[in-house]
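Containing compact mmCIF, C-alpha atoms: entry.txt.
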```txt
# COMPACT_ATOMS: atom_id res chain seq x y z
CA MET A 1 13.44 -1.37 -6.32
CA GLN A 2 10.06 -3.15 -6.50
CA GLU A 3 11.67 -6.52 -7.22
CA LEU A 4 14.43 -6.00 -4.62
CA ILE A 5 11.90 -5.30 -1.88
CA ALA A 6 9.71 -8.20 -3.08
CA ARG A 7 12.68 -10.57 -2.78
CA ASP A 8 13.51 -9.13 0.63
CA LEU A 9 9.99 -9.58 1.98
CA LEU A 10 9.73 -13.11 0.61
CA SER A 11 13.12 -14.12 2.00
CA ILE A 12 12.16 -13.29 5.61
CA LYS A 13 8.51 -14.39 5.18
CA ALA A 14 7.24 -10.89 5.89
CA VAL A 15 5.11 -11.72 2.86
CA PHE A 16 4.22 -15.38 2.80
CA LEU A 17 2.27 -16.98 -0.06
CA ARG A 18 0.33 -20.17 0.55
CA PRO A 19 -2.15 -20.67 -2.30
CA GLU A 20 -2.79 -24.34 -1.51
CA GLN A 21 -3.57 -23.68 2.17
CA PRO A 22 -5.25 -20.25 2.28
CA PHE A 23 -5.23 -18.11 5.39
CA THR A 24 -8.58 -16.87 6.71
CA TRP A 25 -8.99 -13.17 7.39
CA ALA A 26 -11.10 -11.88 10.30
CA SER A 27 -13.80 -11.10 7.74
CA GLY A 28 -13.91 -14.78 6.77
CA ILE A 29 -12.33 -14.18 3.37
CA LYS A 30 -9.85 -16.82 2.26
CA SER A 31 -6.49 -15.35 1.34
CA PRO A 32 -3.36 -16.87 -0.26
CA ILE A 33 -1.15 -14.25 1.37
CA TYR A 34 0.02 -13.40 4.88
CA CYS A 35 1.78 -10.08 5.36
CA ASP A 36 3.66 -8.94 8.47
CA ASN A 37 6.09 -6.17 7.60
CA ARG A 38 7.07 -5.80 11.26
CA LEU A 39 9.45 -8.67 10.52
CA THR A 40 11.56 -6.25 8.48
CA LEU A 41 12.58 -4.57 11.73
CA THR A 42 14.36 -7.71 12.94
CA ALA A 43 16.21 -8.27 9.64
CA PRO A 44 18.87 -5.51 9.45
CA ASP A 45 19.77 -5.93 5.76
CA VAL A 46 16.12 -5.91 4.70
CA ARG A 47 15.36 -3.04 7.07
CA THR A 48 18.13 -1.01 5.45
CA ASP A 49 16.68 -1.62 1.97
CA VAL A 50 13.20 -0.69 3.18
CA GLU A 51 14.13 2.54 4.97
CA ASN A 52 16.46 3.73 2.21
CA GLY A 53 13.72 2.89 -0.27
CA LEU A 54 11.10 4.87 1.64
CA ALA A 55 13.48 7.83 1.83
CA ALA A 56 14.04 7.61 -1.94
CA LEU A 57 10.30 7.52 -2.63
CA ILE A 58 9.73 10.57 -0.45
CA ARG A 59 12.56 12.52 -2.06
CA GLU A 60 11.24 11.68 -5.53
CA HIS A 61 7.52 12.24 -5.04
CA TYR A 62 7.28 14.65 -2.10
CA PRO A 63 10.38 16.89 -2.19
CA ASP A 64 8.65 19.63 -0.19
CA VAL A 65 7.92 17.42 2.84
CA GLN A 66 8.52 18.96 6.26
CA VAL A 67 7.33 16.23 8.67
CA LEU A 68 6.86 12.45 8.51
CA MET A 69 3.92 10.94 10.39
CA GLY A 70 3.71 7.19 11.05
CA THR A 71 0.55 5.18 11.38
CA SER A 72 -0.01 3.47 14.71
CA THR A 73 1.52 1.09 15.34
CA ALA A 74 3.14 -0.56 12.34
CA GLY A 75 4.26 2.64 10.64
CA ILE A 76 5.89 4.26 13.66
CA ALA A 77 9.31 2.61 13.49
CA HIS A 78 9.55 3.02 9.72
CA ALA A 79 8.64 6.71 9.98
CA ALA A 80 11.24 7.19 12.74
CA ILE A 81 14.08 5.51 10.88
CA THR A 82 13.26 7.18 7.57
CA ALA A 83 12.98 10.58 9.25
CA HIS A 84 16.43 9.99 10.80
CA ILE A 85 17.89 9.18 7.38
CA MET A 86 16.34 12.33 5.90
CA GLY A 87 17.00 14.64 8.86
CA LEU A 88 13.28 15.38 9.25
CA PRO A 89 10.95 15.74 12.25
CA MET A 90 8.71 12.75 12.90
CA GLY A 91 5.57 11.92 14.84
CA TYR A 92 2.73 9.48 14.70
CA VAL A 93 -1.05 9.33 14.83
CA ARG A 94 -2.82 7.17 17.40
CA SER A 95 -5.87 5.11 16.46
CA GLY A 96 -7.78 7.22 19.00
CA SER A 97 -7.17 10.07 21.43
CA LYS A 98 -5.54 9.27 24.76
CA ASP A 99 -7.90 9.22 27.73
CA HIS A 100 -5.36 10.96 29.99
CA GLY A 101 -2.84 13.79 29.99
CA ARG A 102 -3.34 16.15 27.05
CA GLN A 103 -5.53 13.56 25.28
CA ASN A 104 -3.37 13.74 22.16
CA GLN A 105 -4.13 11.73 19.05
CA ILE A 106 -1.19 13.20 17.17
CA GLU A 107 2.12 12.58 18.94
CA GLY A 108 5.00 14.88 18.13
CA ARG A 109 5.00 18.55 17.20
CA LEU A 110 2.84 19.45 14.21
CA GLU A 111 2.17 23.04 13.22
CA PRO A 112 -0.83 24.05 11.07
CA GLY A 113 0.17 24.32 7.43
CA GLN A 114 3.12 21.96 7.66
CA LYS A 115 3.59 19.60 4.72
CA VAL A 116 3.30 16.00 5.86
CA VAL A 117 3.92 12.57 4.36
CA VAL A 118 2.24 9.58 6.04
CA VAL A 119 4.35 6.43 6.44
CA GLU A 120 2.41 3.13 6.43
CA ASP A 121 3.58 -0.47 6.33
CA LEU A 122 0.90 -1.95 4.04
CA ILE A 123 -2.30 -0.87 2.32
CA SER A 124 -5.25 -3.10 1.49
CA THR A 125 -8.60 -1.29 1.50
CA ALA A 126 -6.93 1.93 2.76
CA GLY A 127 -9.43 2.52 5.56
CA SER A 128 -6.96 2.88 8.43
CA VAL A 129 -4.44 5.07 6.60
CA LEU A 130 -7.19 7.42 5.41
CA GLU A 131 -8.31 7.86 9.02
CA VAL A 132 -4.77 9.08 9.74
CA VAL A 133 -4.89 11.43 6.75
CA ASN A 134 -8.18 12.88 7.99
CA VAL A 135 -6.85 13.44 11.52
CA LEU A 136 -3.83 15.28 10.13
CA ARG A 137 -5.95 17.41 7.82
CA GLU A 138 -8.28 18.31 10.67
CA ALA A 139 -5.21 19.45 12.61
CA GLY A 140 -4.35 21.82 9.76
CA ALA A 141 -1.59 19.81 8.09
CA GLU A 142 -1.15 19.72 4.34
CA VAL A 143 -0.92 15.98 3.59
CA LEU A 144 1.21 15.59 0.47
CA GLY A 145 0.58 11.84 0.28
CA ILE A 146 1.45 8.40 1.60
CA VAL A 147 4.42 6.06 1.28
CA SER A 148 4.15 2.39 2.17
CA ILE A 149 6.19 -0.78 2.01
CA PHE A 150 3.56 -2.96 0.32
CA THR A 151 0.17 -2.47 -1.30
CA TYR A 152 -2.32 -5.07 -2.43
CA GLY A 153 -3.58 -2.77 -5.20
CA MET A 154 -7.19 -3.64 -4.36
CA GLN A 155 -9.75 -1.60 -6.25
CA LYS A 156 -11.59 -0.62 -3.06
CA GLY A 157 -8.42 0.91 -1.67
CA LEU A 158 -7.63 2.73 -4.92
CA ASP A 159 -11.17 4.13 -5.09
CA ARG A 160 -11.08 5.29 -1.47
CA MET A 161 -7.78 7.10 -1.91
CA ALA A 162 -8.98 8.75 -5.11
CA GLU A 163 -12.14 9.92 -3.34
CA ALA A 164 -10.03 11.32 -0.49
CA ASN A 165 -7.73 13.03 -3.01
CA VAL A 166 -4.58 11.41 -1.68
CA VAL A 167 -1.90 9.36 -3.44
CA ASN A 168 0.21 6.45 -2.24
CA HIS A 169 3.59 5.30 -3.48
CA SER A 170 4.67 1.82 -2.39
CA LEU A 171 8.04 0.11 -2.48
CA THR A 172 6.41 -2.99 -3.94
CA ASN A 173 2.98 -4.44 -4.61
CA PHE A 174 1.02 -7.68 -4.76
CA ASP A 175 1.55 -8.33 -8.48
CA VAL A 176 5.32 -7.82 -8.29
CA VAL A 177 5.58 -10.04 -5.20
CA VAL A 178 3.58 -12.82 -6.86
CA GLU A 179 5.60 -12.67 -10.08
CA THR A 180 8.87 -12.59 -8.12
CA ALA A 181 7.71 -15.51 -5.96
CA ALA A 182 7.07 -17.58 -9.08
CA ARG A 183 10.50 -16.79 -10.54
CA GLU A 184 12.22 -17.57 -7.23
CA GLY A 185 10.37 -20.86 -6.75
CA TYR A 186 8.19 -19.92 -3.77
CA ILE A 187 5.05 -20.73 -5.79
CA LYS A 188 4.32 -22.44 -9.10
CA ALA A 189 4.22 -20.43 -12.31
CA ASP A 190 0.60 -21.37 -12.92
CA ASP A 191 -0.36 -19.85 -9.53
CA VAL A 192 0.33 -16.31 -10.72
CA GLU A 193 -2.87 -15.62 -12.65
CA ARG A 194 -5.17 -17.18 -10.06
CA LEU A 195 -3.55 -15.17 -7.27
CA LYS A 196 -4.06 -12.00 -9.29
CA ARG A 197 -7.73 -12.97 -9.47
CA PHE A 198 -7.76 -12.90 -5.67
CA ARG A 199 -6.26 -9.41 -5.70
CA ALA A 200 -8.86 -8.23 -8.19
CA ASP A 201 -11.76 -9.43 -6.01
CA PRO A 202 -10.93 -11.00 -2.61
CA SER A 203 -14.57 -11.97 -2.04
CA ASP A 204 -14.52 -14.20 -5.15
CA GLU A 205 -13.03 -17.54 -4.12
CA SER A 206 -12.89 -18.98 -7.64
CA TRP A 207 -9.09 -18.80 -7.47
CA ILE A 208 -9.10 -21.60 -4.89
CA ARG A 209 -8.69 -25.00 -6.50
```

Any chance you could give the structure as structure tokens?
Amino acid sequence: MQELIARDLLSIKAVFLRPEQPFTWASGIKSPIYCDNRLTLTAPDVRTDVENGLAALIREHYPDVQVLMGTSTAGIAHAAITAHIMGLPMGYVRSGSKDHGRQNQIEGRLEPGQKVVVVEDLISTAGSVLEVVNVLREAGAEVLGIVSIFTYGMQKGLDRMAEANVVNHSLTNFDVVVETAAREGYIKADDVERLKRFRADPSDESWIR
């Protein structure tokens, strides 16, 4: 599954590797990778693999789930489609409360004590997804964990999730994507180790030639 999803994401450039011409993040950090998993929504074959894969992860790791909650905005469509496949209720968590109407931050019906899985598109430092987890916990939900399409596997994100006592299961990850990209000819074989150095410490630019 990890390699299938890696090939899928690479084929539609939802994950795009450019080690010789790094992208620049808003923080100023140079990155060899660009990730936009929204592109999976406009590629039906890839979308099918992704949503069936998310459903399989949830069935395997969170069999007691009662509700899926998407992150706003990238996780909403994936949560909706996966919930449809699984016959489950679905909602999503806004980045902040509405300033009108009922001023909801959680959209969709959620009862205290319900067992929830959060659906996210990608995880880097885990800050945004943990905000969603906290909102759901404050509303009385039992958050079983997270599923995501792609994770960087950055230590900061792993530490944050461990501190928050929440687990994530991803369809694929940075290392698998990089190794698959080398085998498929998207990057050179000798790029693999230096790109993994980026993943280990994005602030260290020694990987750049």

Could you tell me which of A:Thr180, A:Gln21, A:Ser31, A:Ala14 comes closest to Leu195 (chain A) if we count only C-alpha atoms?
->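 Distance minimum relative to Leu195 (chain A) lands on A:Ser31.
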
Ser72 (chain A): which residues within 9 Å, counting all atoms listed in the file, same-chain residues fewer than 4 positions away excluded, as a list in words?
->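 Final neighbour list, sorted by chain and number: Ile76, Tyr92, Val93, Arg94, Ser95, Glu120 and Val132 of chain A.
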
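Each of A:Ile123, A:Val178, A:Ala139, A:Leu144 was checked against Gly157 (chain A) using only C-alpha atoms; the smallest atom-to-atom distance is that of A:Ile123.
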
Shell of 12 Å around Thr24 (chain A), only C-alpha atoms, local chain residues under 6 positions omitted, as a list in words =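 That gives Arg18, Lys30, Ser31, Pro32, Ile33, Tyr34, Pro202, Ser203 and Glu205 of chain A.
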
Counting all atoms listed in the file, what is within 10 Å of Arg7 (chain A), bar same-chain residues fewer than 6 positions away, as a ChimeraX atom specification?
-> /A:1,13,15,46,172,176-177,180-181,184

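Note that the spacing between CA of Arg38 (chain A) and CA of Glu60 (chain A) amounts to 24.6 Å.
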
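Excluding Ala43 (chain A) itself and any same-chain residue fewer than 5 positions from it, the protein and nucleic acid residues within 12 Å of it, counting all atoms listed in the file, are Asp8, Leu9, Ser11, Ile12, Lys13, Ala14, Asn37, Arg38, Thr48, Asp49, Val50 and Glu51 of chain A.
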
Give me the residues within 6 Å of Val147 (chain A) as a list of chain:residue names, counting only C-alpha atoms and dropping any in the same chain fewer than 5 places off.
->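 Final neighbour list, sorted by chain and number: A:Val119, A:Asn168, A:His169, A:Ser170.
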
Export, as a compact mmCIF listing (two decimals), keeping the file's coordinate frame, the selected residues with C-alpha atoms.
```txt
# COMPACT_ATOMS: atom_id res chain seq x y z
CA VAL A 119 4.35 6.43 6.44
CA ASN A 168 0.21 6.45 -2.24
CA HIS A 169 3.59 5.30 -3.48
CA SER A 170 4.67 1.82 -2.39
```
